Amino acid sequence: MSSDQDHLKETDTEARFEFKKEENSAVKSDKGLTEEVIRMISEDKDEPDWMLERRLRALEQYQNMPMPSDWPGMPDLSELDVEEIIPYIRPDVDKREGVDDWTELPDEIKDTFDKLGIPEAEKNALSGVGAQYESEVVYQNMQEQWEEKGVIFCNMDEAVREHPELVKEHFMTTCVPPSDNKFAALHGAVWSGGSFVYVPEDVTVEMPVQAYFRMNSEGMGQFEHTLIIAEEGSEVHYIEGCSAPKYGTHNLHSGGVEVFVGEDAHVQYSTVQNWSKNTFNLNTKRAICEENGTMEWVSGSMGSKVTMLYPCTILKGRGSTDTHITIALAGEGQDIDTGAKVYHNAPDTSSTIESKSISKDGGRTNYRGLVHIADGAENASTAVECDALMFDNESTSDTMPYMEIEESKVDVAHEATVGKIGDEDIFYLQSRGLDDDDAKKMIVAGFIEPITEELPIEYAVELNRLIELEMEGSLG
Amino acid sequence: MSAGTQVHANLTEEQVREISGDLDEPEWLLETRLEALEALEELDMPDVIRTPGRDWTNLYELDFESLVDPLNAAEDKDQVGPEEADVLSWTDAVDEHEELLKEHFGSIVDPQENYLTALSTALFSTGTVIYVPEGVDAEDVTIRTEQNSRSLFNYTLVVTEESSSVTILERQSTGEEAEEQYYSGVVEVAAGENSYVQYGSLQNLSEEAYNFTVKRGVADTYATIDWIEGNLGTQLTKTEVSTTLSGDSSETQIVGAFYGHNDQHFDLDAKVWHRAEHTTADLVTRGVTDDVARSVYEGVQDVGADAWDTSSYQRENTLMLSDESEADASPKLIINNHDTEASHSATVGQIDQEDLFYMTSRGVDPRAARNMLVEGFFVPVLEEIDVDELRDDLEELIGARLRQRD
């Protein structure tokens, strides 16, 4: 193991996610959702009128939409009171767009991200980093070599000002319109922060770009928006990480992610989510793939109280491809309802979904998926595989796939298995000298390997460490 | 009441009293019917699968007002079985086995579960009760129902005592062709300790007909309930076959085969509820969709917290013969006990072009080759069917339907 990995290994991951900072904000909105709050957010950001109008329209849609209620086995959202959430907190930093020199950050914020290992990762493995604290991006940097090639990596507020035509065209229009669902509408009204990534034609960004989101204040909502536009023949890997300390009241995270994958372009979007266990994580993530484009979603969901998240790819162009690799881990009091959606709307499209879940200590994991093959999507093929591992009898694991097939020339397969950790496997490892805990850890590590091998090594180490932490004391 | 629920202005208490009176029913049964009638207004249609933007089956569109004609039910019916078991018409059952009915009627399928079960409870006019006493092996019970009226509501109860066994083969068909018909069937199976029930059903109603059936069984300790469910007829079928494994070491198998062509719509549910230890379930369904037909399949394997040492398997395969047909599937696993081995798989595809090419290159004409491949597709399901007669009938119907194809 290299010394970099040792560094990550040695960091006390638990402490990194659990520590709290005192609130120190420049602007903080009132609780709840009113036109006044929306206007205040927009004004504080000095936004153009068109964006304010979009916000207000989304607010109206939000108010007219019912909460989802009739999904089979849906997580309990009764404790979530959106009116009690503070939708906007601007941290007290001098420069609104965020600094591009790490040392210029206020100590408390720098300290936060230091503990999370962000600057280390940037130095070692990334092309650029954005860091969001509460509702605003506080640090943004992109290595020069990519900037020279026309790659844009900036926060969304800056994108609204600097690249209005691109944003006007793509922001919550065709990919995730606010009318999509109640939380997309909410997001459209109160969104703040997030990343804008633009990769010009035929440019390959060889190292991943990363955004890190941190919620620090009690009872706040974070609504960052991520917009990725990968032009024809380009390639980029975007990684996001999220965390928040735990408070008594509930936090809400309702992000929006829109990815435009151009012809022959390739986008990988990786998420390692470790929200604190009082966070409602209700996201909408979607990609649209043009001809021969490739979209890859890689996600690890560890934290949150409730997660409802089904990253979606619309395979719009002939020959486009989608891959989903997800792993969910639910412990005590957690309901991780996640999965994938794929719309095959063109011929020769293919998709693969690989979903792994682990439930323990009364946690619930659910795979909820939708594969839709439209009439005319000839030679579409999809393979869905779900595996669930259960540790004890208080835990629950469900699988709820839906397959809508309107075209005959297709190849559709779904498989799912559920099981406990095999006693024989444990016995075998024990007979080779491992103790019970280590044997189980090893089995879990093997179980999640398909996802860790898709991530840069720093993230893979991080993910393994997080899972080990979650497993500690629960084995036996 | 949700939007679109059908309320029958033309259904009256008097009609229900008349049906019950004709069958010479006891007061408690009449009361159950009247309560179901009254509940209609409050009840919704049975659940159907919904995904973003669509209902997979829209039952609210059906015009029950004109489909249901309660006082003019007519059918041609046979119900025969061996002497050792009681295979009774509804009137005989009311007469001879009132205590049995009191104990089991409506205990497995709640009469007020939804609009259609309530409608069926209020209006059923024909039925069969099969009672198998302790230790008796009753082979070859056959029930044949030919519908000769606009609507027909049928009720079937099967009760097996300890260590008995029974094989039941039920067929539904249409006699006089009317324009549109509605057939409703409720089947309750109470399988006693260590008993074995095999219930085969072959639905071949007219393709103008609408069909709603619920077949539900509860298996006691060491009991086995095996279902065979063949669906070929109707323009719309909404059916559920399910077993609750409530006794330790109980088992169930649900074997399904369907073949939809023209504009047929099949909404098929296969469900198993593991509620005791060491229970085993195996669900196997294969079907074909052709022309503009549509199949909707929902399979549920639900393992309760007390269901230790469960084995549960499910397979569903659909073959699409035309571009315009649709096949939707949702095989669900709900697992609340970790001491479980469970898996499900579902596939949708078309006839393998290589297989077809191989056969035509061997001189088989393309049409015959295709038919052979479709028949071959059903083999794994046919092999699971223990009742020769049912297997032969099903094979024959599939063959006939294939030959109808251009």
# chains A, B, ... in the order shown; residues from 1 in each chain; ligands from 1
>>> residues_around(residues="A:Cys312", least_positions_apart="6", cutoff="9 Å", atoms="only C-alpha atoms", output="CSV table (one decimal) with all heavy atoms, in the first residue's frame")
chain,number,residue,atom,x,y,z
A,284,THR,N,-32.8,13.8,-7.6
A,284,THR,CA,-33.2,13.4,-8.9
A,284,THR,C,-31.9,13.5,-9.8
A,284,THR,O,-31.4,14.6,-9.9
A,284,THR,CB,-34.3,14.3,-9.5
A,284,THR,OG1,-35.4,14.4,-8.6
A,284,THR,CG2,-34.8,13.8,-10.8
A,285,LYS,N,-31.5,12.4,-10.4
A,285,LYS,CA,-30.3,12.4,-11.2
A,285,LYS,C,-30.7,11.8,-12.6
A,285,LYS,O,-31.3,10.7,-12.6
A,285,LYS,CB,-29.2,11.5,-10.6
A,285,LYS,CG,-28.7,12.1,-9.3
A,285,LYS,CD,-27.6,11.2,-8.7
A,285,LYS,CE,-27.0,11.8,-7.5
A,285,LYS,NZ,-25.9,11.0,-7.0
A,286,ARG,N,-30.3,12.5,-13.6
A,286,ARG,CA,-30.7,11.9,-14.9
A,286,ARG,C,-29.7,12.3,-16.0
A,286,ARG,O,-29.1,13.4,-16.0
A,286,ARG,CB,-32.1,12.4,-15.3
A,286,ARG,CG,-32.7,11.7,-16.6
A,286,ARG,CD,-34.1,12.0,-16.7
A,286,ARG,NE,-34.9,11.7,-15.5
A,286,ARG,CZ,-35.9,12.3,-15.1
A,286,ARG,NH1,-36.5,13.3,-15.8
A,286,ARG,NH2,-36.5,11.9,-14.0
A,287,ALA,N,-29.5,11.4,-16.9
A,287,ALA,CA,-28.6,11.6,-18.1
A,287,ALA,C,-29.4,11.4,-19.4
A,287,ALA,O,-30.2,10.5,-19.4
A,287,ALA,CB,-27.4,10.7,-18.0
A,288,ILE,N,-29.0,12.1,-20.4
A,288,ILE,CA,-29.5,11.9,-21.7
A,288,ILE,C,-28.4,11.6,-22.6
A,288,ILE,O,-27.4,12.3,-22.7
A,288,ILE,CB,-30.3,13.1,-22.3
A,288,ILE,CG1,-31.5,13.5,-21.4
A,288,ILE,CG2,-30.8,12.9,-23.7
A,288,ILE,CD1,-32.3,14.7,-21.8
A,297,TRP,N,-23.1,5.2,-14.2
A,297,TRP,CA,-23.4,5.7,-12.8
A,297,TRP,C,-22.7,4.7,-11.8
A,297,TRP,O,-22.9,3.5,-11.9
A,297,TRP,CB,-24.8,5.7,-12.5
A,297,TRP,CG,-25.7,6.6,-13.4
A,297,TRP,CD1,-26.4,6.2,-14.5
A,297,TRP,CD2,-26.0,8.0,-13.2
A,297,TRP,NE1,-27.1,7.3,-15.0
A,297,TRP,CE2,-26.9,8.4,-14.2
A,297,TRP,CE3,-25.6,8.9,-12.3
A,297,TRP,CZ2,-27.3,9.7,-14.3
A,297,TRP,CZ3,-26.0,10.2,-12.4
A,297,TRP,CH2,-26.9,10.6,-13.4
A,340,ALA,N,-32.4,2.1,-10.1
A,340,ALA,CA,-32.0,2.7,-11.4
A,340,ALA,C,-33.2,2.7,-12.4
A,340,ALA,O,-34.1,1.9,-12.3
A,340,ALA,CB,-30.9,1.8,-12.0
A,341,LYS,N,-33.1,3.7,-13.2
A,341,LYS,CA,-34.1,3.7,-14.3
A,341,LYS,C,-33.4,3.9,-15.6
A,341,LYS,O,-32.5,4.6,-15.8
A,341,LYS,CB,-35.0,5.0,-14.1
A,341,LYS,CG,-36.1,4.8,-13.1
A,341,LYS,CD,-37.3,5.7,-13.4
A,341,LYS,CE,-37.0,7.2,-12.9
A,341,LYS,NZ,-38.2,8.0,-13.1
A,342,VAL,N,-33.9,3.1,-16.6
A,342,VAL,CA,-33.3,3.2,-17.9
A,342,VAL,C,-34.4,3.2,-19.0
A,342,VAL,O,-35.3,2.4,-18.9
A,342,VAL,CB,-32.4,2.1,-18.3
A,342,VAL,CG1,-31.7,2.3,-19.6
A,342,VAL,CG2,-31.3,1.8,-17.2
A,343,TYR,N,-34.4,4.2,-19.8
A,343,TYR,CA,-35.4,4.3,-20.9
A,343,TYR,C,-34.6,4.0,-22.2
A,343,TYR,O,-33.7,4.8,-22.6
A,343,TYR,CB,-36.0,5.7,-21.0
A,343,TYR,CG,-37.0,5.9,-19.9
A,343,TYR,CD1,-36.6,6.5,-18.7
A,343,TYR,CD2,-38.3,5.6,-20.0
A,343,TYR,CE1,-37.5,6.7,-17.7
A,343,TYR,CE2,-39.2,5.9,-19.0
A,343,TYR,CZ,-38.8,6.4,-17.8
A,343,TYR,OH,-39.7,6.6,-16.8
A,370,LEU,N,-36.6,0.5,-12.9
A,370,LEU,CA,-37.5,0.6,-14.1
A,370,LEU,C,-36.7,0.5,-15.3
A,370,LEU,O,-35.8,1.3,-15.5
A,370,LEU,CB,-38.3,1.8,-14.1
A,370,LEU,CG,-39.2,2.1,-15.3
A,370,LEU,CD1,-40.3,1.0,-15.5
A,370,LEU,CD2,-39.9,3.4,-15.3
>>> closest_atom_pairs(of="chain B", to="chain A", cutoff="7 Å", atoms="only C-alpha atoms", output="CSV")
residue,atom,partner,partner_atom,distance
B:Ala305,CA,A:Asn393,CA,6.8
B:Met320,CA,A:Ser408,CA,5.2
B:Leu321,CA,A:Ser408,CA,6.7
B:Ser322,CA,A:Ser408,CA,5.9
B:Asp323,CA,A:Ser408,CA,4.8
B:Glu324,CA,A:Glu407,CA,6.8
B:Ser325,CA,A:Glu406,CA,6.4
B:Glu326,CA,A:Glu406,CA,4.4
B:Ala327,CA,A:Ile405,CA,5.1
B:Asp328,CA,A:Glu404,CA,4.4
B:Ala329,CA,A:Met403,CA,5.0
B:Ser330,CA,A:Tyr402,CA,4.5
B:Pro331,CA,A:Pro401,CA,6.4
B:Lys332,CA,A:Met400,CA,4.7
B:Leu333,CA,A:Thr399,CA,4.8
B:Ile334,CA,A:Asp398,CA,4.3
B:Ile335,CA,A:Ser397,CA,5.0
B:Asn336,CA,A:Thr396,CA,4.5
B:Asn337,CA,A:Asn393,CA,4.9
B:His338,CA,A:Asn393,CA,5.2
B:Asp339,CA,A:Lys420,CA,6.0
B:Thr340,CA,A:Gly419,CA,5.5
B:Glu341,CA,A:Gly419,CA,5.1
B:Ala342,CA,A:Val418,CA,5.2
B:Ser343,CA,A:Thr417,CA,4.1
B:His344,CA,A:Ala416,CA,5.2
B:Ser345,CA,A:Glu415,CA,4.1
B:Ala346,CA,A:His414,CA,4.9
B:Thr347,CA,A:Ala413,CA,4.2
B:Val348,CA,A:Val412,CA,4.9
B:Gly349,CA,A:Asp411,CA,5.0
B:Gln350,CA,A:Ser408,CA,5.8
>>> select_by_dssp(residues="stretch 178-289 of chain A", states="strand (DSSP E or B)", output="PyMOL selection string")
chain A and resi 195-199+204+209-214+220-222+225-230+235-243+251-253+256-261+266-274+279-282+284-289
>>> residues_around(residues="B:Asn231", least_positions_apart="6", cutoff="8 Å", atoms="only C-alpha atoms", output="short mmCIF file (atom, residue, chain, number, x, y, z; two decimals) with all heavy atoms, in the first residue's frame")
data_model
loop_
_atom_site.label_atom_id
_atom_site.label_comp_id
_atom_site.auth_asym_id
_atom_site.auth_seq_id
_atom_site.Cartn_x
_atom_site.Cartn_y
_atom_site.Cartn_z
N LEU B 202 -57.72 -24.02 -16.38
CA LEU B 202 -57.50 -23.69 -17.77
C LEU B 202 -58.59 -22.74 -18.23
O LEU B 202 -59.75 -23.12 -18.38
CB LEU B 202 -57.53 -24.98 -18.61
CG LEU B 202 -56.97 -24.91 -20.01
CD1 LEU B 202 -55.56 -24.36 -20.01
CD2 LEU B 202 -56.97 -26.31 -20.63
N GLN B 203 -58.22 -21.51 -18.39
CA GLN B 203 -59.18 -20.47 -18.75
C GLN B 203 -59.16 -20.28 -20.26
O GLN B 203 -58.17 -19.82 -20.81
CB GLN B 203 -58.83 -19.19 -17.99
CG GLN B 203 -59.74 -18.01 -18.23
CD GLN B 203 -59.30 -17.17 -19.42
OE1 GLN B 203 -59.90 -17.21 -20.48
NE2 GLN B 203 -58.25 -16.40 -19.25
N ASN B 204 -60.26 -20.67 -20.90
CA ASN B 204 -60.33 -20.51 -22.36
C ASN B 204 -61.66 -19.88 -22.75
O ASN B 204 -62.38 -20.37 -23.61
CB ASN B 204 -60.13 -21.89 -23.02
CG ASN B 204 -59.90 -21.76 -24.52
OD1 ASN B 204 -59.36 -20.75 -24.98
ND2 ASN B 204 -60.33 -22.76 -25.27
N ALA B 257 -48.87 -20.56 -17.46
CA ALA B 257 -48.61 -20.49 -18.90
C ALA B 257 -49.68 -19.59 -19.51
O ALA B 257 -50.85 -19.69 -19.13
CB ALA B 257 -48.69 -21.88 -19.54
N PHE B 258 -49.26 -18.70 -20.38
CA PHE B 258 -50.27 -17.87 -21.03
C PHE B 258 -49.85 -17.64 -22.49
O PHE B 258 -48.68 -17.75 -22.83
CB PHE B 258 -50.48 -16.54 -20.31
CG PHE B 258 -49.29 -15.64 -20.29
CD1 PHE B 258 -49.07 -14.71 -21.29
CD2 PHE B 258 -48.37 -15.70 -19.24
CE1 PHE B 258 -47.96 -13.87 -21.27
CE2 PHE B 258 -47.25 -14.87 -19.21
CZ PHE B 258 -47.05 -13.95 -20.23
N TYR B 259 -50.84 -17.35 -23.29
CA TYR B 259 -50.57 -17.08 -24.69
C TYR B 259 -51.57 -16.01 -25.14
O TYR B 259 -52.74 -16.28 -25.29
CB TYR B 259 -50.74 -18.37 -25.51
CG TYR B 259 -50.31 -18.29 -26.97
CD1 TYR B 259 -49.86 -19.42 -27.63
CD2 TYR B 259 -50.35 -17.10 -27.70
CE1 TYR B 259 -49.46 -19.38 -28.97
CE2 TYR B 259 -49.96 -17.03 -29.02
CZ TYR B 259 -49.51 -18.18 -29.66
OH TYR B 259 -49.12 -18.13 -30.98
#
>>> residues_around(residues="A:Ala460", least_positions_apart="3", cutoff="12 Å", atoms="only C-alpha atoms", output="NGL selection string")
:A and (5 or 8-9 or 270-272 or 298-300 or 445 or 448-457 or 463-467)
>>> select_by_dssp(residues="stretch 119-192 of chain B", states="alpha helix (DSSP H)", output="mmCIF file with N, CA, C and O atoms, in the first residue's frame")
data_model
loop_
_atom_site.group_PDB
_atom_site.id
_atom_site.type_symbol
_atom_site.label_atom_id
_atom_site.label_comp_id
_atom_site.auth_asym_id
_atom_site.auth_seq_id
_atom_site.Cartn_x
_atom_site.Cartn_y
_atom_site.Cartn_z
ATOM 1 N N LEU B 119 -68.209 -7.477 -5.394
ATOM 2 C CA LEU B 119 -69.226 -7.717 -6.427
ATOM 3 C C LEU B 119 -69.470 -9.219 -6.558
ATOM 4 O O LEU B 119 -70.611 -9.690 -6.639
ATOM 5 N N SER B 120 -68.389 -9.968 -6.555
ATOM 6 C CA SER B 120 -68.488 -11.417 -6.690
ATOM 7 C C SER B 120 -69.214 -12.043 -5.498
ATOM 8 O O SER B 120 -70.039 -12.950 -5.667
ATOM 9 N N THR B 121 -68.903 -11.559 -4.308
ATOM 10 C CA THR B 121 -69.537 -12.107 -3.113
ATOM 11 C C THR B 121 -71.035 -11.816 -3.106
ATOM 12 O O THR B 121 -71.851 -12.677 -2.793
ATOM 13 N N ALA B 122 -71.376 -10.588 -3.469
ATOM 14 C CA ALA B 122 -72.797 -10.219 -3.450
ATOM 15 C C ALA B 122 -73.593 -11.007 -4.489
ATOM 16 O O ALA B 122 -74.746 -11.365 -4.253
ATOM 17 N N LEU B 123 -72.988 -11.309 -5.616
ATOM 18 C CA LEU B 123 -73.774 -11.795 -6.753
ATOM 19 C C LEU B 123 -73.513 -13.231 -7.205
ATOM 20 O O LEU B 123 -74.156 -13.704 -8.136
#
>>> residues_around(residues="B:Asp386", least_positions_apart="5", cutoff="12 Å", atoms="only C-alpha atoms", output="tab-separated table (two decimals) with N, CA, C and O atoms, in the first residue's frame")
chain	number	residue	atom	x	y	z
B	139	GLU	N	-58.45	-38.40	-6.38
B	139	GLU	CA	-57.87	-38.05	-7.68
B	139	GLU	C	-58.99	-37.51	-8.58
B	139	GLU	O	-60.16	-37.78	-8.38
B	140	ASP	N	-58.59	-36.82	-9.58
B	140	ASP	CA	-59.49	-36.49	-10.69
B	140	ASP	C	-60.81	-35.83	-10.32
B	140	ASP	O	-61.88	-36.29	-10.71
B	167	THR	N	-56.62	-33.78	-6.39
B	167	THR	CA	-56.20	-33.15	-7.64
B	167	THR	C	-57.45	-32.61	-8.32
B	167	THR	O	-58.40	-33.35	-8.56
B	168	ILE	N	-57.44	-31.33	-8.60
B	168	ILE	CA	-58.62	-30.68	-9.15
B	168	ILE	C	-58.26	-30.05	-10.49
B	168	ILE	O	-57.22	-29.40	-10.62
B	169	LEU	N	-59.11	-30.28	-11.44
B	169	LEU	CA	-58.89	-29.68	-12.75
B	169	LEU	C	-60.11	-28.86	-13.12
B	169	LEU	O	-61.22	-29.39	-13.24
B	197	VAL	N	-52.75	-30.42	-2.13
B	197	VAL	CA	-53.77	-29.94	-3.06
B	197	VAL	C	-53.10	-29.55	-4.37
B	197	VAL	O	-52.14	-28.77	-4.38
B	198	GLN	N	-53.59	-30.11	-5.43
B	198	GLN	CA	-53.13	-29.66	-6.73
B	198	GLN	C	-54.32	-29.07	-7.47
B	198	GLN	O	-55.32	-29.75	-7.68
B	199	TYR	N	-54.24	-27.79	-7.80
B	199	TYR	CA	-55.38	-27.11	-8.41
B	199	TYR	C	-54.96	-26.58	-9.77
B	199	TYR	O	-54.19	-25.64	-9.89
B	200	GLY	N	-55.48	-27.23	-10.79
B	200	GLY	CA	-55.15	-26.80	-12.14
B	200	GLY	C	-56.32	-26.06	-12.76
B	200	GLY	O	-57.48	-26.42	-12.55
B	226	ASP	N	-50.20	-26.83	-4.86
B	226	ASP	CA	-49.62	-26.56	-6.18
B	226	ASP	C	-50.70	-26.02	-7.11
B	226	ASP	O	-51.79	-26.57	-7.19
B	227	TRP	N	-50.37	-24.95	-7.78
B	227	TRP	CA	-51.32	-24.33	-8.71
B	227	TRP	C	-50.78	-24.47	-10.13
B	227	TRP	O	-49.59	-24.30	-10.37
B	228	ILE	N	-51.68	-24.71	-11.03
B	228	ILE	CA	-51.33	-24.62	-12.45
B	228	ILE	C	-52.33	-23.63	-13.04
B	228	ILE	O	-53.53	-23.76	-12.85
B	253	GLN	N	-46.12	-24.53	-5.20
B	253	GLN	CA	-45.57	-24.30	-6.53
B	253	GLN	C	-46.66	-23.60	-7.35
B	253	GLN	O	-47.82	-23.99	-7.29
B	255	VAL	N	-47.33	-22.75	-11.23
B	255	VAL	CA	-46.88	-22.91	-12.61
B	255	VAL	C	-47.85	-22.15	-13.50
B	255	VAL	O	-49.06	-22.39	-13.44
B	381	VAL	N	-42.38	-25.42	-18.66
B	381	VAL	CA	-43.58	-25.25	-17.85
B	381	VAL	C	-44.46	-26.50	-17.94
B	381	VAL	O	-44.94	-27.02	-16.92
B	391	ARG	N	-52.10	-31.01	-19.04
B	391	ARG	CA	-50.92	-30.75	-19.87
B	391	ARG	C	-51.28	-30.94	-21.35
B	391	ARG	O	-50.95	-30.12	-22.20
B	392	ASP	N	-51.99	-32.03	-21.64
B	392	ASP	CA	-52.36	-32.30	-23.02
B	392	ASP	C	-53.28	-31.22	-23.58
B	392	ASP	O	-53.10	-30.75	-24.70
>>> residues_around(residues="B:Gln181", least_positions_apart="3", cutoff="7 Å", atoms="only C-alpha atoms", output="ChimeraX atom specification")
/B:67,150-151,178,208-210
>>> closest_residue(among="B:Leu268, B:Leu152, B:Leu390, B:Val374", to="B:Lys238", atoms="only C-alpha atoms")
B:Leu268
>>> residues_around(residues="stretch 105-108 of chain B", least_positions_apart="4", cutoff="9 Å", atoms="only C-alpha atoms", output="list in words")
Leu29, Thr32, Leu100, Leu101, Thr121, Leu157, Val187, Glu188, Val189, Ala190, Arg216, Gly217 and Val218 of chain B
>>> closest_residue(among="A:Ala159, A:Ile325, A:Leu33, A:Val137", to="A:Met51", atoms="only C-alpha atoms")
A:Ala159
>>> atom_distance(atom1="atom CA of B:Leu382", atom2="atom CA of B:Asn317")
13.6 Å
>>> atom_distance(atom1="atom CA of A:Leu52", atom2="atom CA of A:His225")
15.2 Å
>>> closest_residue(among="B:Arg405, B:Glu207, B:Glu18, B:Ser173", to="B:Pro70", atoms="only C-alpha atoms")
B:Glu18
>>> atom_distance(atom1="atom CA of A:Thr349", atom2="atom CA of A:Ala230")
18.9 Å
